[in-house]
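So this block is work_7.cif, mmCIF, C-alpha atoms:
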data_coords
loop_
_atom_site.label_atom_id
_atom_site.label_comp_id
_atom_site.auth_asym_id
_atom_site.auth_seq_id
_atom_site.Cartn_x
_atom_site.Cartn_y
_atom_site.Cartn_z
CA MET A 145 0.00 0.00 0.00
CA ASN A 146 3.05 2.32 0.13
CA ASP A 147 2.58 3.04 -3.57
CA PHE A 148 -1.13 3.74 -3.15
CA HIS A 149 -2.27 7.33 -3.68
CA SER A 150 -5.62 8.84 -2.74
CA GLY A 151 -7.26 12.19 -2.31
CA PHE A 152 -10.23 14.50 -2.72
CA ALA A 153 -10.90 16.60 -5.83
CA ALA A 154 -13.58 19.30 -5.64
CA ILE A 155 -15.34 20.29 -8.87
CA ILE A 156 -16.37 23.95 -8.77
CA GLY A 157 -17.76 26.49 -11.22
CA ARG A 158 -20.71 28.61 -12.26
CA PRO A 159 -24.14 27.01 -12.79
CA ASN A 160 -24.66 24.92 -15.91
CA VAL A 161 -21.02 24.45 -16.95
CA GLY A 162 -21.06 20.63 -16.82
CA LYS A 163 -19.80 19.77 -13.32
CA SER A 164 -22.23 16.90 -12.72
CA THR A 165 -21.81 15.53 -16.24
CA LEU A 166 -18.05 15.43 -15.72
CA MET A 167 -18.22 13.66 -12.37
CA ASN A 168 -20.61 11.04 -13.71
CA LEU A 169 -18.26 10.45 -16.64
CA LEU A 170 -15.11 10.17 -14.53
CA THR A 171 -16.66 7.78 -12.01
CA GLY A 172 -18.49 5.73 -14.62
CA ALA A 173 -21.79 5.97 -12.74
CA LYS A 174 -24.77 8.30 -12.61
CA ILE A 175 -24.23 9.84 -9.19
CA SER A 176 -25.20 13.48 -9.75
CA ILE A 177 -28.41 14.36 -11.52
CA VAL A 178 -28.07 16.36 -14.73
CA SER A 179 -30.40 18.98 -16.17
CA SER A 180 -30.29 21.92 -18.54
CA LYS A 181 -31.80 23.99 -15.71
CA PRO A 182 -29.18 26.01 -13.79
CA GLN A 183 -28.26 25.10 -10.20
CA THR A 184 -29.55 21.53 -10.44
CA THR A 185 -27.03 20.30 -7.85
CA ARG A 186 -27.95 21.50 -4.35
CA ASN A 187 -25.61 19.53 -2.07
CA LYS A 188 -22.01 18.44 -2.18
CA ILE A 189 -22.08 14.96 -3.73
CA ARG A 190 -19.18 12.53 -3.64
CA GLY A 191 -18.30 10.20 -6.48
CA ILE A 192 -15.59 7.59 -5.95
CA LEU A 193 -13.15 6.25 -8.54
CA THR A 194 -10.92 3.39 -7.37
CA ARG A 195 -8.20 1.71 -9.37
CA GLU A 196 -5.36 -0.67 -8.44
CA ASN A 197 -2.99 2.02 -7.19
CA TYR A 198 -5.17 5.07 -6.51
CA GLN A 199 -8.54 6.34 -5.33
CA ILE A 200 -10.04 9.74 -6.20
CA ILE A 201 -13.06 11.08 -4.34
CA PHE A 202 -14.64 13.69 -6.60
CA ILE A 203 -16.90 16.27 -4.92
CA ASP A 204 -19.59 17.75 -7.15
CA THR A 205 -20.73 21.14 -5.88
CA PRO A 206 -23.63 23.54 -6.51
CA GLY A 207 -23.07 26.22 -9.11
CA MET A 208 -21.58 29.34 -7.54
CA ARG A 209 -23.81 32.40 -7.87
CA ALA A 210 -25.22 35.17 -5.66
CA PRO A 211 -28.04 33.66 -3.54
CA SER A 212 -31.64 34.91 -3.70
CA ASN A 213 -32.96 32.86 -0.75
CA LYS A 214 -31.76 30.69 2.14
CA LEU A 215 -31.49 27.63 -0.11
CA GLY A 216 -29.22 29.62 -2.43
CA ALA A 217 -27.12 30.73 0.54
CA PHE A 218 -26.78 27.11 1.67
CA MET A 219 -25.73 26.08 -1.83
CA LEU A 220 -23.10 28.80 -2.08
CA LYS A 221 -21.67 27.93 1.34
CA SER A 222 -21.62 24.26 0.36
CA ALA A 223 -19.55 25.06 -2.73
CA GLU A 224 -17.19 27.38 -0.83
CA THR A 225 -16.50 24.87 1.94
CA ALA A 226 -15.71 22.23 -0.69
CA MET A 227 -12.81 24.40 -1.82
CA ARG A 228 -11.10 23.90 1.53
CA ASP A 229 -9.25 20.83 2.73
CA VAL A 230 -9.13 19.04 -0.62
CA ASP A 231 -6.09 17.84 -2.51
CA VAL A 232 -7.08 19.14 -5.96
CA LEU A 233 -9.48 21.78 -7.27
CA LEU A 234 -11.10 21.40 -10.68
CA TRP A 235 -12.53 24.73 -11.79
CA ILE A 236 -14.82 24.26 -14.78
CA THR A 237 -15.94 26.99 -17.12
CA ALA A 238 -17.99 26.59 -20.30
CA LEU A 239 -16.33 27.78 -23.50
CA HIS A 240 -19.54 28.38 -25.43
CA GLN A 241 -20.71 30.94 -22.82
CA GLN A 242 -17.71 33.22 -23.44
CA ARG A 243 -17.94 34.32 -27.05
CA GLY A 244 -17.13 38.01 -27.21
CA VAL A 245 -16.44 38.11 -23.46
CA SER A 246 -12.93 37.91 -22.05
CA ILE A 247 -13.78 36.57 -18.59
CA PRO A 248 -17.42 36.27 -17.40
CA GLY A 249 -18.19 38.17 -14.21
CA GLY A 250 -19.11 34.95 -12.39
CA ASP A 251 -15.68 33.51 -13.15
CA ARG A 252 -13.98 36.62 -11.81
CA VAL A 253 -15.84 36.14 -8.52
CA ILE A 254 -14.70 32.51 -8.37
CA LEU A 255 -11.15 33.61 -9.15
CA GLU A 256 -11.17 35.88 -6.09
CA LYS A 257 -12.46 33.02 -3.94
CA LEU A 258 -9.63 30.81 -5.24
CA ARG A 259 -7.09 33.45 -4.32
CA ARG A 260 -8.44 33.50 -0.76
CA ALA A 261 -8.49 29.70 -0.48
CA ARG A 262 -5.52 27.45 0.29
CA ALA A 263 -2.69 28.74 -1.90
CA ASP A 264 -0.92 25.37 -1.98
CA THR A 265 -3.89 23.46 -3.46
CA PRO A 266 -3.28 22.70 -7.15
CA VAL A 267 -6.00 24.17 -9.34
CA PHE A 268 -6.78 22.84 -12.81
CA LEU A 269 -8.80 25.07 -15.12
CA ILE A 270 -11.14 22.86 -17.12
CA LEU A 271 -12.47 24.46 -20.30
CA ASN A 272 -15.59 22.41 -21.04
CA LYS A 273 -17.68 22.04 -24.20
CA ILE A 274 -14.88 22.22 -26.76
CA ASP A 275 -17.28 20.51 -29.16
CA LEU A 276 -19.22 23.80 -29.40
CA VAL A 277 -16.29 26.14 -30.12
CA GLU A 278 -13.75 26.45 -32.93
CA LYS A 279 -10.07 25.85 -32.09
CA PRO A 280 -8.92 29.50 -32.56
CA GLU A 281 -11.53 30.59 -30.03
CA ILE A 282 -10.35 27.93 -27.56
CA LEU A 283 -6.77 29.21 -27.85
CA ARG A 284 -7.95 32.81 -27.31
CA ILE A 285 -9.79 31.84 -24.13
CA ILE A 286 -6.79 29.86 -22.83
CA ASP A 287 -4.64 32.97 -23.30
CA ALA A 288 -7.23 35.11 -21.50
CA TYR A 289 -7.20 32.88 -18.41
CA ARG A 290 -3.54 31.84 -18.36
CA GLY A 291 -2.19 34.96 -16.68
CA LEU A 292 -4.92 35.22 -14.03
CA TYR A 293 -3.78 32.41 -11.75
CA ASP A 294 -0.93 29.96 -11.30
CA PHE A 295 -2.88 26.99 -12.61
CA ALA A 296 -1.50 23.47 -12.29
CA GLY A 297 -2.81 23.01 -15.81
CA ILE A 298 -5.41 24.22 -18.32
CA ILE A 299 -7.28 21.34 -19.94
CA PRO A 300 -9.91 21.79 -22.69
CA ILE A 301 -12.48 18.95 -22.65
CA SER A 302 -15.95 17.89 -23.68
CA ALA A 303 -17.57 16.13 -20.73
CA LEU A 304 -20.59 15.25 -22.86
CA LYS A 305 -18.50 13.57 -25.58
CA ALA A 306 -15.66 12.35 -23.30
CA GLU A 307 -13.01 14.30 -25.22
CA ASN A 308 -9.68 14.81 -23.41
CA THR A 309 -11.12 13.54 -20.14
CA ASP A 310 -8.41 10.86 -19.93
CA ASP A 311 -5.85 13.69 -19.93
CA LEU A 312 -7.74 15.32 -17.08
CA LEU A 313 -7.80 12.10 -15.07
CA ASP A 314 -4.07 11.59 -15.59
CA ALA A 315 -3.38 15.14 -14.42
CA VAL A 316 -5.41 14.65 -11.22
CA LYS A 317 -3.67 11.34 -10.49
CA GLN A 318 -0.29 13.06 -10.64
CA LYS A 319 -1.34 15.41 -7.81
CA LEU A 320 -2.65 12.77 -5.40
CA PRO A 321 -0.62 12.32 -2.22
CA PRO A 322 0.19 8.88 -0.79
CA GLY A 323 -2.84 7.88 1.23
CA PRO A 324 -5.24 5.20 2.40
CA LEU A 325 -8.19 3.52 0.75
CA TYR A 326 -10.89 5.85 2.11
CA PHE A 327 -13.80 3.81 0.72
CA GLN A 328 -14.22 0.18 -0.27
CA GLY A 329 -13.15 -0.43 -3.84
CA ASP A 330 -16.63 -1.27 -5.13
CA MET A 331 -18.22 1.93 -3.81
CA MET A 332 -19.03 4.62 -6.38
CA THR A 333 -20.62 7.09 -3.95
CA ASP A 334 -21.20 7.55 -0.24
CA GLN A 335 -24.73 8.86 -0.87
CA PRO A 336 -27.52 6.73 0.69
CA GLU A 337 -29.82 5.02 -1.80
CA ARG A 338 -32.79 6.96 -0.45
CA GLN A 339 -31.05 10.25 -1.19
CA ILE A 340 -30.09 9.16 -4.71
CA ALA A 341 -33.66 8.01 -5.35
CA ALA A 342 -34.99 11.41 -4.24
CA GLU A 343 -32.55 13.15 -6.56
CA ILE A 344 -33.57 10.91 -9.47
CA ILE A 345 -37.21 11.89 -9.00
CA ARG A 346 -36.25 15.57 -8.81
CA GLU A 347 -34.22 15.22 -12.00
CA LYS A 348 -37.24 13.88 -13.88
CA ALA A 349 -39.37 16.70 -12.51
CA LEU A 350 -36.79 19.19 -13.80
CA ARG A 351 -36.96 17.54 -17.22
CA PHE A 352 -40.72 17.82 -17.65
CA LEU A 353 -41.61 21.03 -15.79
CA ARG A 354 -41.87 24.59 -17.07
CA GLU A 355 -39.16 27.12 -16.31
CA GLU A 356 -40.93 28.80 -13.40
CA VAL A 357 -41.49 25.60 -11.39
CA PRO A 358 -38.23 23.54 -10.99
CA HIS A 359 -36.33 25.68 -8.49
CA GLY A 360 -39.20 25.40 -6.02
CA VAL A 361 -39.32 21.59 -6.14
CA ALA A 362 -38.06 19.27 -3.41
CA VAL A 363 -38.51 15.52 -3.02
CA GLU A 364 -38.91 13.49 0.17
CA ILE A 365 -38.76 9.69 0.23
CA ILE A 366 -41.57 8.50 2.49
CA SER A 367 -40.84 4.79 2.31
CA MET A 368 -38.48 2.47 0.43
CA LYS A 369 -38.64 -1.20 1.29
CA LYS A 370 -38.50 -4.59 -0.37
CA ARG A 371 -41.85 -6.33 -0.60
CA ALA A 372 -41.92 -9.52 1.50
CA GLY A 373 -41.15 -12.63 -0.52
CA GLN A 374 -40.58 -10.68 -3.76
CA GLU A 375 -37.80 -8.87 -5.61
CA LEU A 376 -40.08 -5.84 -5.93
CA VAL A 377 -39.19 -2.61 -4.08
CA ASP A 378 -42.06 -0.37 -2.97
CA LEU A 379 -41.01 3.27 -3.19
CA GLU A 380 -43.21 6.13 -2.00
CA ALA A 381 -42.22 9.78 -2.40
CA THR A 382 -43.69 13.24 -2.14
CA ILE A 383 -42.84 16.06 -4.53
CA TYR A 384 -43.12 19.44 -2.79
CA CYS A 385 -43.66 22.75 -4.55
CA GLU A 386 -44.20 26.30 -3.33
CA LYS A 387 -47.48 27.29 -5.03
CA SER A 388 -50.88 25.68 -5.62
CA SER A 389 -50.62 26.65 -9.30
CA HIS A 390 -47.32 24.73 -9.50
CA LYS A 391 -49.00 21.66 -8.02
CA GLY A 392 -51.44 21.66 -10.90
CA ILE A 393 -48.60 21.97 -13.41
CA ILE A 394 -46.70 19.06 -11.86
CA ILE A 395 -49.75 16.79 -11.82
CA GLY A 396 -50.85 17.89 -15.29
CA LYS A 397 -54.12 17.31 -17.10
CA ASN A 398 -55.61 13.99 -16.03
CA GLY A 399 -52.42 13.30 -14.07
CA GLU A 400 -50.32 13.04 -17.24
CA GLY A 401 -47.50 15.22 -15.92
CA LEU A 402 -47.01 13.16 -12.79
CA LYS A 403 -47.23 9.95 -14.82
CA LYS A 404 -44.36 11.11 -17.06
CA ILE A 405 -42.21 11.99 -14.06
CA GLY A 406 -43.01 8.67 -12.39
CA ALA A 407 -42.38 6.52 -15.46
CA ALA A 408 -38.97 8.09 -16.11
CA ALA A 409 -37.98 7.98 -12.42
CA ARG A 410 -39.00 4.34 -12.08
CA LEU A 411 -36.58 3.27 -14.82
CA ASP A 412 -33.59 4.97 -13.18
CA THR A 413 -34.47 3.84 -9.65
CA GLN A 414 -34.70 0.26 -10.93
CA ARG A 415 -31.16 0.60 -12.30
CA LEU A 416 -30.05 2.05 -8.98
CA LEU A 417 -31.61 -0.67 -6.83
CA GLY A 418 -31.20 -3.60 -9.22
CA SER A 419 -34.83 -4.59 -8.68
CA PRO A 420 -38.27 -3.85 -10.15
CA VAL A 421 -39.77 -0.78 -8.48
CA TYR A 422 -43.39 0.07 -7.72
CA LEU A 423 -43.30 3.86 -7.44
CA GLN A 424 -46.02 5.98 -5.92
CA LEU A 425 -45.78 9.77 -6.09
CA TRP A 426 -47.75 12.50 -4.35
CA VAL A 427 -47.58 16.28 -4.76
CA LYS A 428 -47.93 18.71 -1.86
CA VAL A 429 -47.61 22.47 -1.48
CA LYS A 430 -45.16 23.84 1.09
CA LYS A 431 -45.07 27.60 0.68
CA ASN A 432 -41.71 29.40 0.77
CA TRP A 433 -39.82 26.31 1.91
CA ARG A 434 -36.63 27.65 0.34
CA ASP A 435 -36.55 30.39 2.99
CA SER A 436 -37.51 28.18 5.95
CA ASP A 437 -34.68 26.92 8.15
CA TYR A 438 -36.87 24.06 9.36
CA ASP A 439 -37.88 22.91 5.87
CA LEU A 440 -34.36 23.25 4.49
CA LYS A 441 -33.03 21.01 7.24
CA ASN A 442 -35.88 18.56 6.73
CA PHE A 443 -35.04 18.27 3.03
CA GLY A 444 -31.35 17.72 3.74
CA TYR A 445 -30.12 21.28 3.12
CA GLY A 446 -29.44 22.15 6.74
CA PRO A 447 -26.14 23.10 8.41
CA LYS A 448 -25.11 19.48 9.01
CA GLN A 449 -24.89 18.96 5.26
CA VAL A 450 -22.37 21.79 4.83
#
Take the structure in the file and write it out as C-alpha cells.
Amino acid sequence: MNDFHSGFAAIIGRPNVGKSTLMNLLTGAKISIVSSKPQTTRNKIRGILTRENYQIIFIDTPGMRAPSNKLGAFMLKSAETAMRDVDVLLWITALHQQRGVSIPGGDRVILEKLRRARADTPVFLILNKIDLVEKPEILRIIDAYRGLYDFAGIIPISALKAENTDDLLDAVKQKLPPGPLYFQGDMMTDQPERQIAAEIIREKALRFLREEVPHGVAVEIISMKKRAGQELVDLEATIYCEKSSHKGIIIGKNGEGLKKIGAAARLDTQRLLGSPVYLQLWVKVKKNWRDSDYDLKNFGYGPKQV
C-alpha cells in the first residue's frame, strides 16, 4: 500500500457548466443528476473512482452564484467549503458561454475566492464544451485565463463527448498524495440510496416542468422497502412545490404530468436498486420552503450537510 495514492478533488464552477456531467463520466456511474436547468445540484455529492494504485473522491458542488434565498445561501456555502481541505481543485468553465467576453463576471468572482483559499492546493482550469467552439476561439480563451492564476494546468475537454477527459484524469492522479483507501473499492458514492432516489425523481421533474417551477421543487422519500417474498421494491415519495398553481402543473391534465415523471424515475431507480420498483408519487404544497430553516433542514439542506 506504500505506492497507493488517494485524495479529494472538488469540482467547482458557475451554474450549468457541466460539473455533474463530468463527475458522472469520470466515475463511470450516474451519481449526480443532470439537467439543462441552472443550479440543479444542491448539495455536495461525492463520487468515488478506485483503481489498483489510486482512489479519487470527486466532490460535485452547486453552481456558484449570488443567492436569492436561504437555499441559495446554503448552496453557495456548500460550494465554498468544498474548496477547503481538498487535494485538488477542478474549476470548470464553459467555453460556449464566453464568445465576445474575455472573462465572465461569475468567473472573476470565483477567481477571487480561489485566491483566498488554500494557496498550496493545485487548481486545474477545465475548459468544457470544446465541441461547441472552434479551435482558434479555444486558444484565445486559454490565453485570457492563463495569466490570471498559477494553474496546475489548463485542460480543454468535452464532458458530454468524453473528449480529453483521460488527460484530465491523468493530471489529477499526478497530484494525489500517498494515502489510504478511504472507501471500499466497489463503492461509487457515499450517498444513501434513499437520497439518490430522491434526486432521481427531482431530475425527472426538472426535465418535464416549465421554467418557473423547478427551483421550487423538493422531493422526500416517504418509504423504500422490499416487498416480502418478492424482488419488488415499494417506493413512496412526495414532490413538494411552493405554489398551488405549481402543483397543478406538476400533476398535469388527467395526471399526465405526474405519470411522465413517475415513469422516467421508475426506470432509473430500478437501475439504482437492481430490482423492479413500484413507485407511488404525491404532490404537496409547502409555501416558501426555500426560505424556511426548518424545511431546508428537513429536506437535507441544513447546516449538518455543509
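Considering the residues A:Thr225, A:Thr165, A:Thr171, A:Asn160 and counting all atoms listed in the file, A:Gly207 has its shortest atom-to-atom contact with A:Asn160.
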* Asked: For the file shown, what are the residues hit by the PyMOL selection byres ((chain A and resi 300) around 10), laid out as a list in words?
  ->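 Taken over the shown coordinates, the PyMOL selection byres ((chain A and resi 300) around 10) returns Ile236, Thr237, Ala238, Leu239, Leu269, Ile270, Leu271, Asn272, Lys273, Ile274, Asp275, Ile282, Leu283, Ile286, Gly297, Ile298, Ile299, Ile301, Ser302, Ala303, Glu307, Asn308, Thr309, Asp311 and Leu312 of chain A.
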* Distance in Å - atom CA of A:Pro336 versus atom CA of A:Ile189 ->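 Distance reported for this atom pair: 10.8 Å.
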* Asked: If we count all atoms listed in the file, what is near A:Phe352 at a cut-off of 8 Å, once residues fewer than 3 positions away on the same chain are taken out, given as a list in words?
  ->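 Near A:Phe352, the qualifying residues are Lys348, Ala349, Gly401, Lys404 and Ile405 of chain A.
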I'd like the residues picked by the PyMOL selection byres ((chain A and resi 426-434) around 12) written out as a compact mmCIF listing (two decimals) with C-alpha atoms, in the frame of the given file, using the chain letters and numbers from the file.
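The new file selection16.txt reads:
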# COMPACT_ATOMS: atom_id res chain seq x y z
CA ARG A 186 -27.95 21.50 -4.35
CA PRO A 211 -28.04 33.66 -3.54
CA SER A 212 -31.64 34.91 -3.70
CA ASN A 213 -32.96 32.86 -0.75
CA LYS A 214 -31.76 30.69 2.14
CA LEU A 215 -31.49 27.63 -0.11
CA GLY A 216 -29.22 29.62 -2.43
CA ALA A 217 -27.12 30.73 0.54
CA PHE A 218 -26.78 27.11 1.67
CA MET A 219 -25.73 26.08 -1.83
CA ILE A 345 -37.21 11.89 -9.00
CA ALA A 349 -39.37 16.70 -12.51
CA HIS A 359 -36.33 25.68 -8.49
CA GLY A 360 -39.20 25.40 -6.02
CA VAL A 361 -39.32 21.59 -6.14
CA ALA A 362 -38.06 19.27 -3.41
CA VAL A 363 -38.51 15.52 -3.02
CA GLU A 364 -38.91 13.49 0.17
CA ILE A 365 -38.76 9.69 0.23
CA ILE A 366 -41.57 8.50 2.49
CA LEU A 379 -41.01 3.27 -3.19
CA GLU A 380 -43.21 6.13 -2.00
CA ALA A 381 -42.22 9.78 -2.40
CA THR A 382 -43.69 13.24 -2.14
CA ILE A 383 -42.84 16.06 -4.53
CA TYR A 384 -43.12 19.44 -2.79
CA CYS A 385 -43.66 22.75 -4.55
CA GLU A 386 -44.20 26.30 -3.33
CA LYS A 387 -47.48 27.29 -5.03
CA SER A 388 -50.88 25.68 -5.62
CA SER A 389 -50.62 26.65 -9.30
CA HIS A 390 -47.32 24.73 -9.50
CA LYS A 391 -49.00 21.66 -8.02
CA GLY A 392 -51.44 21.66 -10.90
CA ILE A 393 -48.60 21.97 -13.41
CA ILE A 394 -46.70 19.06 -11.86
CA ILE A 395 -49.75 16.79 -11.82
CA GLY A 396 -50.85 17.89 -15.29
CA GLY A 399 -52.42 13.30 -14.07
CA GLY A 401 -47.50 15.22 -15.92
CA LEU A 402 -47.01 13.16 -12.79
CA LYS A 403 -47.23 9.95 -14.82
CA ILE A 405 -42.21 11.99 -14.06
CA GLY A 406 -43.01 8.67 -12.39
CA LEU A 423 -43.30 3.86 -7.44
CA GLN A 424 -46.02 5.98 -5.92
CA LEU A 425 -45.78 9.77 -6.09
CA ASP A 435 -36.55 30.39 2.99
CA SER A 436 -37.51 28.18 5.95
CA ASP A 437 -34.68 26.92 8.15
CA TYR A 438 -36.87 24.06 9.36
CA ASP A 439 -37.88 22.91 5.87
CA LEU A 440 -34.36 23.25 4.49
CA LYS A 441 -33.03 21.01 7.24
CA ASN A 442 -35.88 18.56 6.73
CA PHE A 443 -35.04 18.27 3.03
CA GLY A 444 -31.35 17.72 3.74
CA TYR A 445 -30.12 21.28 3.12
CA GLY A 446 -29.44 22.15 6.74
